[in-house]
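Here is start_31.tsv, consisting of TSV, C-alpha atoms:
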```tsv
chain	number	residue	atom	x	y	z
X	1	ALA	CA	72.22	113.58	26.54
X	2	GLN	CA	74.30	114.54	29.52
X	3	SER	CA	77.78	115.92	29.84
X	4	VAL	CA	80.03	117.40	32.43
X	5	THR	CA	82.48	120.23	31.93
X	6	GLN	CA	85.27	120.90	34.37
X	7	LEU	CA	86.78	124.32	33.84
X	8	GLY	CA	90.53	124.25	34.24
X	9	SER	CA	92.48	121.04	33.83
X	10	HIS	CA	95.10	122.32	36.29
X	11	VAL	CA	94.57	124.48	39.36
X	12	SER	CA	97.27	125.68	41.74
X	13	VAL	CA	96.62	127.17	45.15
X	14	SER	CA	98.80	128.10	48.09
X	15	GLU	CA	98.55	126.09	51.28
X	16	GLY	CA	95.83	127.66	53.41
X	17	ALA	CA	94.09	129.33	50.47
X	18	LEU	CA	90.59	128.68	49.20
X	19	VAL	CA	90.14	125.76	46.84
X	20	LEU	CA	87.54	126.22	44.08
X	21	LEU	CA	87.13	123.56	41.39
X	22	ARG	CA	84.44	124.27	38.83
X	23	CYS	CA	81.94	121.85	37.36
X	24	ASN	CA	79.04	122.55	35.04
X	25	TYR	CA	76.65	119.98	33.71
X	26	SER	CA	74.11	119.76	30.98
X	27	SER	CA	71.10	117.63	31.62
X	28	SER	CA	67.56	117.51	30.40
X	29	VAL	CA	66.35	116.27	33.75
X	30	PRO	CA	67.42	116.98	37.33
X	31	PRO	CA	70.67	115.13	37.77
X	32	TYR	CA	72.52	113.33	40.47
X	33	LEU	CA	75.96	114.91	40.94
X	34	PHE	CA	79.18	113.59	42.40
X	35	TRP	CA	82.75	114.59	43.10
X	36	TYR	CA	85.46	111.96	43.19
X	37	VAL	CA	89.13	112.34	44.11
X	38	GLN	CA	92.05	110.33	42.75
X	39	TYR	CA	95.35	110.31	44.58
X	40	PRO	CA	98.47	109.31	42.62
X	41	ASN	CA	98.48	105.68	41.53
X	42	GLN	CA	95.15	104.97	43.17
X	43	GLY	CA	91.55	104.48	42.13
X	44	LEU	CA	88.86	107.09	42.57
X	45	GLN	CA	87.22	107.74	45.92
X	46	LEU	CA	83.90	109.44	46.52
X	47	LEU	CA	84.19	112.91	48.06
X	48	LEU	CA	80.52	113.84	48.11
X	49	LYS	CA	77.27	113.48	46.25
X	50	TYR	CA	74.05	115.36	45.64
X	51	THR	CA	70.88	113.41	44.97
X	52	THR	CA	67.95	115.31	46.46
X	53	GLY	CA	67.29	117.67	49.34
X	54	ALA	CA	69.74	120.26	50.65
X	55	THR	CA	71.71	121.85	47.84
X	56	LEU	CA	74.83	122.40	49.93
X	57	VAL	CA	76.53	119.07	50.35
X	58	LYS	CA	79.37	118.38	52.74
X	59	GLY	CA	81.89	115.68	52.02
X	60	ILE	CA	85.03	114.20	53.44
X	61	ASN	CA	88.23	116.08	54.24
X	62	GLY	CA	86.45	119.43	54.62
X	63	PHE	CA	85.19	119.66	51.04
X	64	GLU	CA	81.73	120.83	50.13
X	65	ALA	CA	79.79	121.56	46.94
X	66	GLU	CA	76.64	123.47	46.14
X	67	PHE	CA	74.10	122.43	43.55
X	68	LYS	CA	72.87	125.50	41.69
X	69	LYS	CA	70.19	124.54	39.24
X	70	SER	CA	69.88	128.02	37.76
X	71	GLU	CA	73.58	127.98	36.90
X	72	THR	CA	73.75	124.22	36.13
X	73	SER	CA	76.80	124.11	38.37
X	74	PHE	CA	78.19	121.94	41.14
X	75	HIS	CA	81.44	123.61	42.14
X	76	LEU	CA	83.70	122.03	44.77
X	77	THR	CA	85.19	124.19	47.51
X	78	LYS	CA	87.38	123.93	50.58
X	79	PRO	CA	88.14	126.96	52.74
X	80	SER	CA	91.79	126.13	53.42
X	81	ALA	CA	93.96	123.91	51.24
X	82	HIS	CA	96.27	121.31	52.75
X	83	MET	CA	99.25	119.73	51.07
X	84	SER	CA	97.42	116.41	51.27
X	85	ASP	CA	94.67	117.77	49.00
X	86	ALA	CA	96.96	117.56	45.97
X	87	ALA	CA	95.19	115.11	43.67
X	88	GLU	CA	93.01	114.80	40.59
X	89	TYR	CA	89.35	115.67	41.06
X	90	PHE	CA	86.53	114.43	38.90
X	91	CYS	CA	82.99	115.72	38.68
X	92	ALA	CA	80.39	113.20	37.55
X	93	VAL	CA	76.72	113.30	36.67
X	94	SER	CA	74.06	110.65	36.50
X	95	ARG	CA	70.46	110.92	35.47
X	96	THR	CA	69.50	108.18	37.87
X	97	ASN	CA	70.73	106.91	41.16
X	98	THR	CA	71.65	103.51	39.76
X	99	GLY	CA	75.01	104.53	38.40
X	100	ASN	CA	74.54	102.80	35.08
X	101	GLN	CA	74.48	106.07	33.15
X	102	PHE	CA	77.36	107.81	34.77
X	103	TYR	CA	79.40	110.51	33.02
X	104	PHE	CA	82.72	111.78	34.28
X	105	GLY	CA	84.32	115.10	33.55
X	106	THR	CA	87.87	115.23	32.24
X	107	GLY	CA	89.30	116.00	35.65
X	108	THR	CA	91.12	118.86	37.38
X	109	SER	CA	94.57	118.38	38.78
X	110	LEU	CA	95.03	120.32	42.01
X	111	THR	CA	98.49	121.41	43.07
X	112	VAL	CA	99.03	122.86	46.53
X	113	ILE	CA	102.02	125.16	46.88
X	114	PRO	CA	103.72	125.26	50.29
O	1	ASN	CA	90.01	95.17	53.62
O	2	ALA	CA	86.75	95.13	51.68
O	3	GLY	CA	86.92	96.59	48.22
O	4	VAL	CA	87.67	96.02	44.57
O	5	THR	CA	90.78	94.07	43.61
O	6	GLN	CA	92.30	94.28	40.14
O	7	THR	CA	95.05	92.16	38.68
O	8	PRO	CA	97.58	92.69	37.27
O	9	LYS	CA	98.68	96.18	38.31
O	10	PHE	CA	101.03	96.60	35.36
O	11	GLN	CA	101.27	94.89	31.99
O	12	VAL	CA	103.18	95.37	28.76
O	13	LEU	CA	101.82	93.68	25.65
O	14	LYS	CA	102.96	93.46	22.08
O	15	THR	CA	100.54	94.46	19.35
O	16	GLY	CA	98.27	91.54	18.57
O	17	GLN	CA	98.67	89.77	21.89
O	18	SER	CA	95.69	88.99	24.04
O	19	MET	CA	95.14	89.27	27.76
O	20	THR	CA	92.47	89.30	30.42
O	21	LEU	CA	92.20	91.85	33.20
O	22	GLN	CA	90.68	90.44	36.34
O	23	CYS	CA	88.43	92.22	38.80
O	24	ALA	CA	86.82	90.97	41.98
O	25	GLN	CA	84.72	92.74	44.62
O	26	ASP	CA	83.75	91.50	48.05
O	27	MET	CA	81.01	94.00	48.89
O	28	ASN	CA	78.17	91.94	47.42
O	29	HIS	CA	77.48	94.69	44.88
O	30	ASN	CA	75.19	93.92	41.99
O	31	SER	CA	76.74	96.24	39.39
O	32	MET	CA	80.26	96.23	38.04
O	33	TYR	CA	82.03	98.41	35.47
O	34	TRP	CA	85.18	98.71	33.42
O	35	TYR	CA	86.57	102.15	32.61
O	36	ARG	CA	89.65	103.37	30.84
O	37	GLN	CA	91.40	106.57	31.83
O	38	ASP	CA	93.39	108.57	29.32
O	39	PRO	CA	95.05	111.97	29.80
O	40	GLY	CA	92.65	114.84	29.13
O	41	MET	CA	89.72	112.50	28.53
O	42	GLY	CA	88.63	111.55	32.00
O	43	LEU	CA	87.12	108.12	32.50
O	44	ARG	CA	85.24	106.45	29.72
O	45	LEU	CA	82.97	103.47	30.25
O	46	ILE	CA	83.94	100.37	28.28
O	47	TYR	CA	81.40	97.81	29.52
O	48	TYR	CA	79.20	97.37	32.50
O	49	SER	CA	77.22	94.63	34.17
O	50	ALA	CA	74.08	95.78	35.94
O	51	SER	CA	73.65	92.41	37.61
O	52	GLU	CA	75.01	88.90	37.49
O	53	GLY	CA	74.35	87.38	34.09
O	54	THR	CA	74.04	90.65	32.17
O	55	THR	CA	76.56	92.81	30.35
O	56	ASP	CA	76.14	95.93	28.23
O	57	LYS	CA	78.33	98.12	26.09
O	58	GLY	CA	79.45	101.48	27.31
O	59	GLU	CA	80.92	104.42	25.45
O	60	VAL	CA	84.06	102.73	24.04
O	61	PRO	CA	83.50	98.94	23.75
O	62	ASN	CA	85.34	98.26	20.48
O	63	GLY	CA	88.26	95.88	20.88
O	64	TYR	CA	87.10	94.56	24.24
O	65	ASN	CA	84.98	91.75	25.60
O	66	VAL	CA	83.77	91.11	29.12
O	67	SER	CA	82.57	88.23	31.25
O	68	ARG	CA	80.55	88.46	34.43
O	69	LEU	CA	81.78	85.19	35.86
O	70	ASN	CA	79.68	85.40	39.03
O	71	LYS	CA	78.48	88.15	41.33
O	72	ARG	CA	82.02	88.86	42.56
O	73	GLU	CA	84.03	88.77	39.35
O	74	PHE	CA	83.99	90.81	36.14
O	75	SER	CA	86.81	90.33	33.65
O	76	LEU	CA	87.88	92.41	30.66
O	77	ARG	CA	89.53	90.77	27.68
O	78	LEU	CA	91.59	92.28	24.90
O	79	GLU	CA	91.60	89.77	22.06
O	80	SER	CA	94.18	91.52	19.86
O	81	ALA	CA	95.83	94.41	21.63
O	82	ALA	CA	96.52	97.64	19.76
O	83	PRO	CA	98.66	100.63	20.78
O	84	SER	CA	95.45	102.69	21.06
O	85	GLN	CA	94.52	100.50	24.01
O	86	THR	CA	97.45	101.77	26.04
O	87	SER	CA	95.69	103.20	29.06
O	88	VAL	CA	94.93	102.83	32.73
O	89	TYR	CA	91.99	100.52	33.30
O	90	PHE	CA	89.75	100.76	36.32
O	91	CYS	CA	87.18	98.33	37.56
O	92	ALA	CA	84.40	99.60	39.80
O	93	SER	CA	81.34	98.25	41.55
O	94	SER	CA	78.19	99.77	42.98
O	95	GLU	CA	75.01	98.77	44.69
O	96	ARG	CA	72.02	99.57	42.53
O	97	GLY	CA	70.07	102.54	43.78
O	98	GLN	CA	72.95	104.24	45.55
O	99	GLY	CA	74.91	105.76	42.68
O	100	VAL	CA	78.18	105.39	44.56
O	101	TYR	CA	81.11	103.61	42.98
O	102	THR	CA	83.98	101.78	44.65
O	103	PHE	CA	87.04	101.68	42.41
O	104	GLY	CA	89.97	99.34	42.19
O	105	SER	CA	93.49	100.71	42.12
O	106	GLY	CA	93.85	100.28	38.37
O	107	THR	CA	95.84	98.34	35.78
O	108	ARG	CA	98.43	100.24	33.75
O	109	LEU	CA	98.56	98.65	30.32
O	110	THR	CA	101.10	99.51	27.66
O	111	VAL	CA	100.79	98.08	24.16
O	112	VAL	CA	103.95	98.36	22.06
```
Just give me the structure as structure tokens.
Amino acid sequence: AQSVTQLGSHVSVSEGALVLLRCNYSSSVPPYLFWYVQYPNQGLQLLLKYTTGATLVKGINGFEAEFKKSETSFHLTKPSAHMSDAAEYFCAVSRTNTGNQFYFGTGTSLTVIP
Amino acid sequence: NAGVTQTPKFQVLKTGQSMTLQCAQDMNHNSMYWYRQDPGMGLRLIYYSASEGTTDKGEVPNGYNVSRLNKREFSLRLESAAPSQTSVYFCASSERGQGVYTFGSGTRLTVV
């Protein structure tokens, strides 16, 4: 069985500060990992994904995440928060690349304080 | 613009009423999905269709039925709506082997 845990349902950062959103997974096999972002009243959009290869993955809007197998983590970071980053962020895990066994975390709401 | 289109965007139903949520994608994706999103619970898979002509239950299928009408369209039906089905429903599609979803903008359903 697989699951995803996002630590902190709400995170607040000041504009210009580091953004760190935490995601841990449990999986019996090497997983595929994803971060999605949801802006208010919209569907989810892919930020970045890890399938194989380099463990540091760069995504859109300056976000990046690092796959750490030893820590079973895939935390999302951005060096400097912008007001436009305020949104809900979802970590997701899949055992395959087909997307048919996809598990989402419960989400982290990011607030950016001016 | 290419993407996933859901209709309606908002709906209020009375308990016991039925309705169908429509979803269409124009990206020629093989796989389509229906999720519901509830506060504090993330997204939960209701049903999915790996390819045209096939459908399978997800995590929370009770009270729902689906139809994969053709490659483009995947509808979700509530036969007898219950207040517990008040939620935001998202349709998504993906191309098999890529693990990347494209989501619609959602349907906000309230059952009173």
Counting all atoms listed in the file, what is within 10 Å of Pro40 in chain X, bar same-chain residues fewer than 4 positions away, as a PDB file with C-alpha atoms, keeping the file's coordinate frame?
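Output saved as out02.pdb:
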```
ATOM      1  CA  LEU X  44      88.860 107.090  42.570  1.00  0.00           C
ATOM      2  CA  ALA X  86      96.960 117.560  45.970  1.00  0.00           C
ATOM      3  CA  ALA X  87      95.190 115.110  43.670  1.00  0.00           C
ATOM      4  CA  GLU X  88      93.010 114.800  40.590  1.00  0.00           C
TER       5      GLU X  88
ATOM      6  CA  SER O 105      93.490 100.710  42.120  1.00  0.00           C
TER       7      SER O 105
END
```
>> Need the shell around Gly53 in chain X: protein/DNA/RNA residues with any atom at most 12 Å away, counting all atoms listed in the file. Skip same-chain ones fewer than 3 positions apart. Format as an MDAnalysis selection string?
In response: chainID X and resid 32 49:50 56:57 66:67
> Mind listing as number ranges by chain all residues within 7 Å of (80.2, 106.6, 31.1), counting all atoms listed in the file?
Replying inline: X: 101-104; O: 44-45, 58-59
>> Restricting the calculation to only C-alpha atoms: of X:Thr77, X:Thr111, X:Thr5, X:Thr72, which residue gets closest to Leu47 in chain X?
In response: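 Closest candidate: X:Thr77.
As for CA of Ile113 in chain X and CA of Val19 in chain X, they are spaced 11.9 Å apart.
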>> With 10 Å as the limit and counting only C-alpha atoms, what residues in chain O lie close to chain X? Please list them as a ChimeraX atom specification.
In response: /O:4,31-33,37-45,48-50,56,58-59,88-108
Output the selection as a short mmCIF file (atom, residue, chain, number, x, y, z; two decimals), keeping the file's coordinate frame - C-alpha atoms for each residue.
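Output below, filename result19.cif:
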```cif
data_model
loop_
_atom_site.label_atom_id
_atom_site.label_comp_id
_atom_site.auth_asym_id
_atom_site.auth_seq_id
_atom_site.Cartn_x
_atom_site.Cartn_y
_atom_site.Cartn_z
CA VAL O 4 87.67 96.02 44.57
CA SER O 31 76.74 96.24 39.39
CA MET O 32 80.26 96.23 38.04
CA TYR O 33 82.03 98.41 35.47
CA GLN O 37 91.40 106.57 31.83
CA ASP O 38 93.39 108.57 29.32
CA PRO O 39 95.05 111.97 29.80
CA GLY O 40 92.65 114.84 29.13
CA MET O 41 89.72 112.50 28.53
CA GLY O 42 88.63 111.55 32.00
CA LEU O 43 87.12 108.12 32.50
CA ARG O 44 85.24 106.45 29.72
CA LEU O 45 82.97 103.47 30.25
CA TYR O 48 79.20 97.37 32.50
CA SER O 49 77.22 94.63 34.17
CA ALA O 50 74.08 95.78 35.94
CA ASP O 56 76.14 95.93 28.23
CA GLY O 58 79.45 101.48 27.31
CA GLU O 59 80.92 104.42 25.45
CA VAL O 88 94.93 102.83 32.73
CA TYR O 89 91.99 100.52 33.30
CA PHE O 90 89.75 100.76 36.32
CA CYS O 91 87.18 98.33 37.56
CA ALA O 92 84.40 99.60 39.80
CA SER O 93 81.34 98.25 41.55
CA SER O 94 78.19 99.77 42.98
CA GLU O 95 75.01 98.77 44.69
CA ARG O 96 72.02 99.57 42.53
CA GLY O 97 70.07 102.54 43.78
CA GLN O 98 72.95 104.24 45.55
CA GLY O 99 74.91 105.76 42.68
CA VAL O 100 78.18 105.39 44.56
CA TYR O 101 81.11 103.61 42.98
CA THR O 102 83.98 101.78 44.65
CA PHE O 103 87.04 101.68 42.41
CA GLY O 104 89.97 99.34 42.19
CA SER O 105 93.49 100.71 42.12
CA GLY O 106 93.85 100.28 38.37
CA THR O 107 95.84 98.34 35.78
CA ARG O 108 98.43 100.24 33.75
#
```
> Which value, in Å to one decimal, gives the distance between CA of Glu79 in chain O and CA of Lys57 in chain O?
Replying inline: 16.2 Å
